[in-house]
Structure formats: C-alpha cells, structure tokens
Amino acid sequence: MGEIEGSYRPLQTPGTRLGVNANVAVRTLEPGQSLSTALANSARDPSSGNGLQIRVEALDETQEVYEMESKSDGQELMTKVFRRFNLIENDYFGLEFQNMQMNWMWLEPIKPIVKQVRRPKNTLFRLSVKFFPPDPGQLHEEYTRYLFALQMKRDLLEGKLTCSENTAALLASHLLQSEIGDFDEAADRQHLKRNKLLPNQERLQEKIMEFHQRHLGQTPAESDFQVLEISRKLEMYGIRFHSAADREGTKINLAVSHMGLQVFQGNTKINTFNWSKIRKLSFKRKRFLIKLHPEVHGPHQDTLEFLMVSRDQCKVFWKNCVEYHTFFRLLDQPEPKSKPILFSRGSSFRYSGRTQKQLVDYVRDSGARRTPYQRRHSRARISTRTLGADLPKQSLSYNDGLKVPGSPSSATISFHSLHASSTPPCPEPEPAQPPTSLQEDRGKGTPKPLHSFQGISMDNPQLSPFALKSHLTLSPSFQMSTLSLPGQAPSPLQSPILSEVGTARLDEEEEGRKKRYPADKAYFIAKEILTTERTYLKDLEVITVWFRSAVIKENAMPEGLMTLLFSNIDPIYEFHRGFLKEIDQRLALWEGRSNAHVKGDYQRIGDVMLRNMCFLKEFTSYLQKHDEVLTELEKATKRLKKLETVYKEFELQKVCYLPLNTFLLKPIQRLMHYKLILERLCKHYTPDHQDYSDCKDALKEVAEMAAQLQSSLIRLENFQKLTELQRDLIGIESLTASGREFIREGCLFKLTKKGLQQRMFFLFSDMLLYTSKGVTATNQFKVHGQLPLHGMIIEENDNELSVPHCFTIYSAQRTIVVAASSKVEMGKWIEDLNVAIEMAKMSQEKSDLFLDTSVCDRSNRSSDEVSLEQESEDDTHSSHSSLDKQTHHRANTTMHVCWHRNTSVSMSDHSLAVENQLSGYLLRKFKNSNGWQKLWVVFTNFCLFFYKTHQDDFPLASLPLLGYTVSTPAEADSIHKEYVFKLQFKSHVYYFRAESEYTFERWMEVIKSAASATGRMSLLIPKESKEMNGN
C-alpha cells in the first residue's frame, strides 16, 4: 500500500515475466479511491515524510494511533502509551509485535523503532504484561490489577493459560462478574453470546453461570483479584513458550519466569532451574547454554545445552531471561555496558527499566496521584481510583500486614457492580480518623463531593457501617464456591500484601504502632484468635479446595465417599469463613482502624465468641462423623489404586505441608484451641469486666463441645498416627489393627557385632518395632525387628558394657541391647516401655495375632549384619535440593527429625503440640545477618513453617524444633531489641522478634514445649494403669 498507480513497461511487470498478456497490471489503490485522492492523502500522511503512525491495541481491545518521528526509539513510544493510559506501575508492561516469522517480540526501549520493525505503519503493537509477579498482592494499584486481569482474559482466549475446564469456568465467571455485575440469567446468556471468554465457551456456559451465581455482591476490583489469585497458581501463569530441543533431540519448550528457567514437554513442566542455581546464561548461534553452580549437578555436568530454532530466536529468549533476572532478582538496574573501541565480544544488551524493588519503592514513596479509569463492558463505571484520590492516606504499620479481607480498614471506597434488578450499591466504610481531626474537619467544612450516589455523599470518610446498614453491603470477600478451585483469595483492596511489598521501615513502624495500637493483654489474646483462625481456614482449604480439585480432576474418588467427606467439612469451612471475617472486623474496631468514635464499645471479643460458639454447637454432628470419614478414606485408598495414587501425589505437593489426614482432625482440635484461649481471657479479666461474662459463657459452651468430642479426638489422633506410620514403614502390614495404640517413636543405638548401629524404634501398645533408614528413593524406614510386649522385660545396665545410657530388652524371641543419646532419653524409653508392658498384660487381645513371623525371621537373619550409611544433619539439608519429590516432602516429618536429632517423641507430646498451635507475624534474623525479615510463622507438629504472608498457600521453608533450645539473647549476641527470643541447635542460630510481651511469652511457651518434649505418659493409657505404675 502507499504506492501510486502509473504506467508499466511490459518487461518490468510481474505478469510479463510470468508469461501473461502485457496489459495485466497491479492495482494498489483502495476500492473507490482515485489517483488524486491517493496523492492528497500521501501528502498529508506524516509517515510518508519524517513521521510514523503507529497503531497500539490496549488490553481492552481498543486501538489508538500514535504520531511518532521516524527516529524515535522504543522508549518514546512506550512513554506515550503509558502516559495515555496513566499507568503508574508501568514497568510490569511492554509493547509486543509480530515479526516476519509471526513470532511475538518485545519492543526494545533503547533501539529505534524502524530498526526493530520492518513496516511500523502496517504493524499492530499490543500493550501486554511483560513481567508476571508471583503474587498479585504485590501490585499496589487497582488499575494495574484490572489490566493484569485483562491479560489473563486474553491468555485464556488465546489458549496460553491452559487449565482444567473447572478452573477455566471459574475464571470466566469472575470475569463475567467484573464486567456485568451480579448474576442474571438473561444478562449472562446475552453477554456470553456477544463476548468470547474461552475457546470452548459454548460447552462450559452452564458451568460458568453456575459459578457466577456464587459471586453475589463481589465488586469488579474483587473479581479482578480473584482472577489473579486463581491464575497465579496455575502452571502456565505468565508462561511464554520458546521451542527448543535437548541434546537427545527431544522437542521441548523453554520459558522464563520470576523464579528462573522452566522446561516443558508439551504443557507439562519437567524441570525448573532457579536463579540461585544458575551461574551464567549464554548463547552461541542456535545453542542456548545454562551454566549451573557445581553443587547443583556436580562439576562434570555443570552446563546444559538446548538447541533452538534459529539464532534470532535464541537471542530473543536470552534477552528475555536477562530482563526477567534483572527485574525480579536485582535491587538496582545494572549500569549500561560501555561499548568497546575496537571490537566487541558478546552482546552489550542490558535491561533498561526499573527493577521490581525500585518500582515498589517508587510507588510507595512518591505518593503518585490516582486518577479515574473506566472498565470496558463493566456496568460499574466509577472507579476506586476516582473516589480514593482525595481521601486521607493510612500510614502503614506492623499491624497493617495482619489485616484480612472483609476488614473495614481499606483506605479506598469500592462499588458493587450495578445490575438492573439489584439494589443500588453503596460505598464501603472508610477508616475513621482520630476524633480530634474529625472535629477540625467538620469545623472547616467539607469540599463538594466528587460523586454522590443515592443521596449518600462519597467524600465523607466517616460513614459508619451502622448508619448505612440499610444501604450498605460489605464486600463478601470470603465468598467462595464449595466447588471452587485453588486460588480463591480475599479482596484486593484489603489485601495485607499491598502494605508489605517493599522492605518495611520496621523501627519507624514499631514506634508508630506503640502509639496507635492497644497495649492491653486482652487485645493480644483476641489477636491470637484472629491469627490462628487464619491458619486454620487455610488448613481447611487444603481439603475443601486443593484436595477436592485433585480428586475431581482425576475422577479418583467414588461419589459416596465424596459426599461423605465434603458434606461434613464444607459447612464447617463456610461457618469459619464468616467467623474469621467477624473477628477481623472486631479487631479493626478495637485497634481504631475504623469507627474510632465508637471504639470504646468494641474493646472486647467475648460477645463475638459467645455468639459463634453457640452457632458452632449446631455443627457437632458433623464433627462426630469425622471418625467415619477418616476410616472410610483410609479403606478407599487401600482398595482403589487410582485414589491411592492421587492421595500420594497430593501429599507431595507443597500445599500439603502435613500428612493429608492430619487436616481432617483440625476442626475438633480447633475446639481445644478456643477453650485454651478463652481460659486465658477469663484468667486475665476481673469478674466485673464488661467482657468477662460473655467470655465465661463462651468458655462454657466450647468446654461442653470439647468434652463431648475428647474421646473421639484421642481415637482419631491415634488412628492418624498409625496410618502415617503405615505409609512410611516398609515391611509391616496392618499397622492400623483394631486396639493398637501408638506410644513413642525415636532413635536408639542397637548393639550389634559391628558395634552400635543407629535404629529407629516405634513403641505400640502391643509390640516394639525397630527399623533402619537407608538411602532410598522413597526415604522410608525398613522394619528389621518386631518384638511382642507380652512377656517382655526391661533391665537397666549399670555400665556393664561400658556403654552409657544402656538398657536391655528381653522378649520372647530375642534379646537386644540398646543405648539412648542421654540419660533423660533412656528414662523416657524405660518408663514408657514398662507402662506399655503392663497394658499388654491387662489386654484381652493376644499379641501374637499381630506378629508377622516373616519379619521376625528376617530380623534373626540380618539385623546384626545390616550396615547403615549414616546421614548427618548436613546431609539432610543438602538433600532438600534433590529432585526427588518424596525426599523433599518427607524431610521434616517427626520420625525423620527424631532420626537426625537422636531424640524421641511420645503420643502425649504430639497431643500437647496440637494444643499449642500458634501463628502470627514475626521478624526473623540469622546469626550473621544485619536486617530483620518479616514472615508469617506457623507452629504445628513440632515445626515452624515460614510464609511470606498469611495469604500464601504453602510455606517457603520449615524448621523442625526437636533438639533446639530456646532462650533470650545474651549480651554477646548484640541484639538490642525487646521481645526477642533465640533458637539454637549446635551452630544453627536464629533470632525472632515478637510484637508484644504477650506474643513473646506465647512463642517462648509453645516452642519450649516442642523443643524439649518431656516424657509424659500416653493419653491413651487408662487411669488405673497410671495409678498402678505410680505405686
């Protein structure tokens, strides 16, 4: 196009060369266009001279033309586009175009446009997300999240964001909620008919509408956040394939993400190379080279080579990797590489934008003014940005990171989507300012409202939720379908991560926190209810969301078992979602985050607890069925191979950080937590306190439920432990036999012909097992001996064998000599063994029913000859980087920790650890590090689990506490902060800092209980046995 029709010489026409008649010509004018019109347009066309007209398509599919000079570089065009869309967090975005080979390329900022694009006038540029952060909470701006949601919509439609049909329908339903508001069947069908959200939309239309019904009242901003939360957990989130082949010629796809390089075969990820493992990235012609650190694959295989389609494609992918690494891993952008004077070696390409850290700091510190924007298709046209522009800002503090969805603590007003048949939406209440400033503002008068709606002024930040009760509908951030898939998350406008993106200025925040937040012990006790409730709800989601998704995807669970499992746990989950929201709202009032003028009436928690504990009594029947659920699930996994495979594979996922059946015990265990916390509140309050009566009544209600379910809990905990051991032990069948009780597990040294050999012992009510742990793919323990307790005698050796802490076990089949790691450990074992032997004597059942002769025979033949490859604790840590999933998953289970720490744990220790569960934000510091890192920490099962925020679905790391000592820092530690405790095991030292004296004491209490577990007798032992043993 753009050429002028004229006369043609016969020899010069394409038609003549092809042998056709001479009068054939090529017409280059548009239909109906004359030569004079074309000449006039050409004269007016800037691109025909020194200008360029460039078309850019936005994420909402609108197109605009930008006038550029012919010498303009990519940055000038990108700056114009970003200004046009008023993008504040613009470094996440880029402009992409298709080259001559129809491959999508990123426009480079520092190179002229004409050198990158052959025909800029005929090329369509697309505004797209270039860098996908791992968490949408890292995006400050609602508008940025809206654009990211549009990118997810585009990826879904283009087939880049591949997922199951259920997940696709759920994503489409949130997009539908964002665009047209609450569910209306006619409006839904009409919108889906005119707008395509999914490639197979017609087939999934009913499912989309079914999901859409469950998002009632969800604002467009909340819908965007839900889309991003679901998307970020998908394997294909932000993935752009680059075709390649490995050394064997197998076709694969390479991709780059925030964490490093990923290798796919088809759509299945087969390997990931984290940035921390990569030493160097380079390319040579078509070969893409990854040089790893020697410790990853050994010194002889430290370079991986992939063959790509062409040199150009290889270089494009290398540039993408350089940009991703710089953006996510570096604190500051690198200095541009100086050009050599004579000749160059290698590429001088460098990322030229801001890093994520710089971008976050800029948005946080600059106070950039938010401006209005419109949502295409959406009926809720007024944006949060418009209304929040002139509202007072909330300062961030330590406690800002502890807000949960539904809290009236957001500094922005949001609208529910308008719907033809729904009532007009009202704004969410704003956080109130201190009373003094409120009176001053009223005295000065208020400016005219930016917008008004149904007679309610939008510029008033002091609207009370009670004053607006008839109009106001709080955003149901916790609404989630019982069939929803992984990724459901709270409102973006109230996400705690939005306050915690950058490195916090902790000392300043601490001072501000002390001035603003209550110092009353009751407040921190109530806050413990909130923080542990968050963890508890996440634990329930492992079953209700993640495990459900896994079994539905593989169609692995029979319908009857599905109904039994989820019909019992779903109602409990729904109740606790609402309960959590109510607790958070009360804590917000207590802290003064909203409605400061009435906060005096809300510095209590007893009324909320009493009301909800009464409601919870209605769910007792569900809790009583958990015994049946656990038993039936175990039977089904033994009977159905497909379900067993799904079960085992699910336990290897990061989200399942504990054995799966442990999560089924959480609802009953949670009652015990409520009881203990309410006891602390009642003990703290004086009888005349306004909150004492409600707390006392709530304690009475929960104590009744706990007493009713106590025996069931003991039985379930025992059954859960037996099934866990059954999976981790090789060479023993029917460990879950009726009447068998677990008592103690731990490490002892068995005397053999070759000296002392490390063995793992397991004591039950009817037998004693001893096992060894070899270097196996599954990291399981192999049973070497099985000794019945009937007729067993324990005898302490008085240094006869010159082996300290030694005792002899005489059984019907054989005699073994074992040594403990300390005198205390020996005392625990002897005490529990003697009690267990007494239990076996009184038992009506014959122990030989459980005796496996084949195991005993094998024990007689080989137990003395077994030589073990000893593993030190350092070996354990190094094994974490292994590619063996099971090794990684099983590394912090109790038996493995006991093995490496040479200690033991009893059933009563397990029960106490369950009672002492705790979670909350702590600041962590390593021995030789300078700064403190803020982490969400969960204590359960003798282990600390570390998360970035309480919204994360799986832990970043874990720290088994058995063997650790806990204390306050000494003078030599040079820790000059209050509320700091020190954890130490050998040379491993960690410091943790709590926010108050109460939380400091609670963390010290629960960690001491786990780190130095005492040898209490099993809760399963009858009282008569205990009394007899005591005499």
# chains A, B, ... in the order shown; residues from 1 in each chain; ligands from 1
call {"tool": "closest_atom_pairs", "arguments": {"of": "segment 688-739 of chain A", "to": "segment 767-772 of chain A", "cutoff": "10 Å", "atoms": "only C-alpha atoms", "output": "Markdown table"}}
result
| residue | atom | partner | partner_atom | distance |
| --- | --- | --- | --- | --- |
| A:Leu729 | CA | A:Thr771 | CA | 8.2 |
| A:Ile730 | CA | A:Thr771 | CA | 8.9 |
| A:Gly731 | CA | A:Thr771 | CA | 9.4 |
| A:Ile732 | CA | A:Leu769 | CA | 9.3 |
call {"tool": "residues_around", "arguments": {"residues": "segment 555-567 of chain A", "least_positions_apart": "4", "cutoff": "10 Å", "atoms": "only C-alpha atoms", "output": "MDAnalysis selection string"}}
result
chainID A and resid 482:483 543:544 548:551 571:573 622 625:626 628:630 632:633 636:637 640:647 664
call {"tool": "write_last_selection", "arguments": {"atoms": "N, CA, C and O atoms", "output": "tab-separated table (two decimals), in the first residue's frame"}}
result
chain	number	residue	atom	x	y	z
A	482	THR	N	-18.22	-23.82	47.09
A	482	THR	CA	-17.72	-25.04	47.70
A	482	THR	C	-17.04	-25.93	46.69
A	482	THR	O	-16.31	-26.83	47.03
A	483	LEU	N	-17.27	-25.64	45.42
A	483	LEU	CA	-16.59	-26.40	44.38
A	483	LEU	C	-15.46	-25.61	43.77
A	483	LEU	O	-14.96	-25.94	42.72
A	543	ILE	N	-8.21	-29.33	52.18
A	543	ILE	CA	-9.20	-30.37	51.87
A	543	ILE	C	-10.27	-29.85	50.94
A	543	ILE	O	-10.54	-30.41	49.88
A	544	THR	N	-10.92	-28.72	51.33
A	544	THR	CA	-12.12	-28.26	50.61
A	544	THR	C	-11.81	-27.72	49.22
A	544	THR	O	-12.68	-27.75	48.35
A	548	ARG	N	-9.99	-31.48	46.87
A	548	ARG	CA	-11.18	-31.65	46.05
A	548	ARG	C	-10.84	-31.49	44.57
A	548	ARG	O	-11.26	-32.28	43.71
A	549	SER	N	-10.06	-30.46	44.28
A	549	SER	CA	-9.66	-30.22	42.89
A	549	SER	C	-8.89	-31.41	42.33
A	549	SER	O	-9.09	-31.82	41.18
A	550	ALA	N	-7.99	-31.99	43.15
A	550	ALA	CA	-7.16	-33.11	42.68
A	550	ALA	C	-8.00	-34.34	42.37
A	550	ALA	O	-7.82	-34.99	41.34
A	551	VAL	N	-8.95	-34.67	43.25
A	551	VAL	CA	-9.74	-35.88	43.03
A	551	VAL	C	-10.77	-35.69	41.92
A	551	VAL	O	-11.09	-36.63	41.18
A	571	PRO	N	-19.69	-27.41	55.32
A	571	PRO	CA	-20.44	-26.49	56.20
A	571	PRO	C	-19.56	-25.89	57.29
A	571	PRO	O	-19.72	-24.72	57.64
A	572	ILE	N	-18.63	-26.67	57.81
A	572	ILE	CA	-17.71	-26.16	58.84
A	572	ILE	C	-16.83	-25.07	58.25
A	572	ILE	O	-16.60	-24.02	58.87
A	573	TYR	N	-16.34	-25.31	57.03
A	573	TYR	CA	-15.49	-24.33	56.36
A	573	TYR	C	-16.25	-23.02	56.12
A	573	TYR	O	-15.72	-21.93	56.36
A	622	TYR	N	-21.59	-32.94	62.62
A	622	TYR	CA	-20.59	-33.08	61.55
A	622	TYR	C	-19.25	-33.53	62.11
A	622	TYR	O	-18.57	-34.39	61.55
A	625	LYS	N	-18.84	-37.18	62.89
A	625	LYS	CA	-18.71	-38.07	61.73
A	625	LYS	C	-17.29	-38.15	61.19
A	625	LYS	O	-17.02	-38.92	60.28
A	626	HIS	N	-16.38	-37.33	61.72
A	626	HIS	CA	-15.01	-37.31	61.20
A	626	HIS	C	-14.30	-38.64	61.43
A	626	HIS	O	-13.39	-38.99	60.68
A	628	GLU	N	-15.73	-41.57	61.11
A	628	GLU	CA	-16.17	-42.38	59.97
A	628	GLU	C	-15.48	-41.93	58.69
A	628	GLU	O	-15.06	-42.76	57.87
A	629	VAL	N	-15.37	-40.61	58.50
A	629	VAL	CA	-14.74	-40.07	57.29
A	629	VAL	C	-13.30	-40.56	57.17
A	629	VAL	O	-12.86	-41.03	56.12
A	630	LEU	N	-12.55	-40.45	58.26
A	630	LEU	CA	-11.13	-40.84	58.25
A	630	LEU	C	-10.99	-42.33	57.96
A	630	LEU	O	-10.12	-42.75	57.18
A	632	GLU	N	-13.20	-44.39	56.41
A	632	GLU	CA	-13.62	-44.72	55.06
A	632	GLU	C	-12.60	-44.26	54.02
A	632	GLU	O	-12.37	-44.94	53.02
A	633	LEU	N	-11.99	-43.11	54.27
A	633	LEU	CA	-10.98	-42.61	53.33
A	633	LEU	C	-9.78	-43.55	53.30
A	633	LEU	O	-9.23	-43.86	52.23
A	636	ALA	N	-10.71	-46.72	51.41
A	636	ALA	CA	-10.82	-46.49	49.96
A	636	ALA	C	-9.45	-46.38	49.31
A	636	ALA	O	-9.24	-46.86	48.20
A	637	THR	N	-8.48	-45.76	50.00
A	637	THR	CA	-7.13	-45.64	49.41
A	637	THR	C	-6.46	-47.00	49.29
A	637	THR	O	-5.64	-47.22	48.40
A	640	LEU	N	-8.74	-48.73	46.22
A	640	LEU	CA	-8.74	-48.13	44.88
A	640	LEU	C	-7.35	-47.61	44.54
A	640	LEU	O	-6.85	-46.68	45.18
A	641	LYS	N	-6.72	-48.21	43.54
A	641	LYS	CA	-5.35	-47.84	43.17
A	641	LYS	C	-5.28	-46.40	42.69
A	641	LYS	O	-4.33	-45.67	43.00
A	642	LYS	N	-6.30	-45.98	41.92
A	642	LYS	CA	-6.28	-44.62	41.38
A	642	LYS	C	-6.35	-43.58	42.49
A	642	LYS	O	-5.63	-42.58	42.47
A	643	LEU	N	-7.22	-43.82	43.47
A	643	LEU	CA	-7.32	-42.89	44.60
A	643	LEU	C	-6.04	-42.90	45.42
A	643	LEU	O	-5.58	-41.83	45.86
A	644	GLU	N	-5.43	-44.05	45.60
A	644	GLU	CA	-4.17	-44.13	46.34
A	644	GLU	C	-3.08	-43.32	45.65
A	644	GLU	O	-2.32	-42.60	46.29
A	645	THR	N	-3.05	-43.40	44.31
A	645	THR	CA	-2.04	-42.63	43.56
A	645	THR	C	-2.27	-41.13	43.71
A	645	THR	O	-1.33	-40.37	43.96
A	646	VAL	N	-3.53	-40.69	43.57
A	646	VAL	CA	-3.85	-39.27	43.72
A	646	VAL	C	-3.52	-38.81	45.14
A	646	VAL	O	-2.97	-37.72	45.34
A	647	TYR	N	-3.86	-39.64	46.12
A	647	TYR	CA	-3.61	-39.31	47.53
A	647	TYR	C	-2.10	-39.10	47.76
A	647	TYR	O	-1.69	-38.09	48.36
A	664	LEU	N	-7.86	-33.39	58.47
A	664	LEU	CA	-9.23	-33.78	58.82
A	664	LEU	C	-9.46	-33.70	60.33
A	664	LEU	O	-10.61	-33.68	60.77
call {"tool": "select_by_dssp", "arguments": {"residues": "segment 609-800 of chain A", "states": "strand (DSSP E or B)", "output": "PyMOL selection string"}}
result
chain A and resi 729-730+742-752+755-764+767-772+781-788+793-796
call {"tool": "select_by_dssp", "arguments": {"residues": "segment 582-823 of chain A", "states": "helix (DSSP H, G or I)", "output": "MDAnalysis selection string"}}
result
chainID A and resid 582:591 596:602 606:624 626:639 641:651 660:664 666:684 692:728 823
call {"tool": "residues_around", "arguments": {"residues": "Ser257 of chain A", "least_positions_apart": "4", "cutoff": "12 Å", "atoms": "only C-alpha atoms", "output": "VMD selection string"}}
result
chain A and resid 130 to 134 232 235 to 241 261 to 263 272 to 275 317 320 to 329
call {"tool": "residues_around", "arguments": {"residues": "Gly249 of chain A", "least_positions_apart": "5", "cutoff": "12 Å", "atoms": "only C-alpha atoms", "output": "list in words"}}
result
Ser243, Ala244, Glu305, Phe306, Leu307 and Met308 of chain A
call {"tool": "closest_residue", "arguments": {"among": "A:Lys828, A:Arg350, A:Lys841, A:Arg534", "to": "Ile743 of chain A", "atoms": "only C-alpha atoms"}}
result
A:Lys828
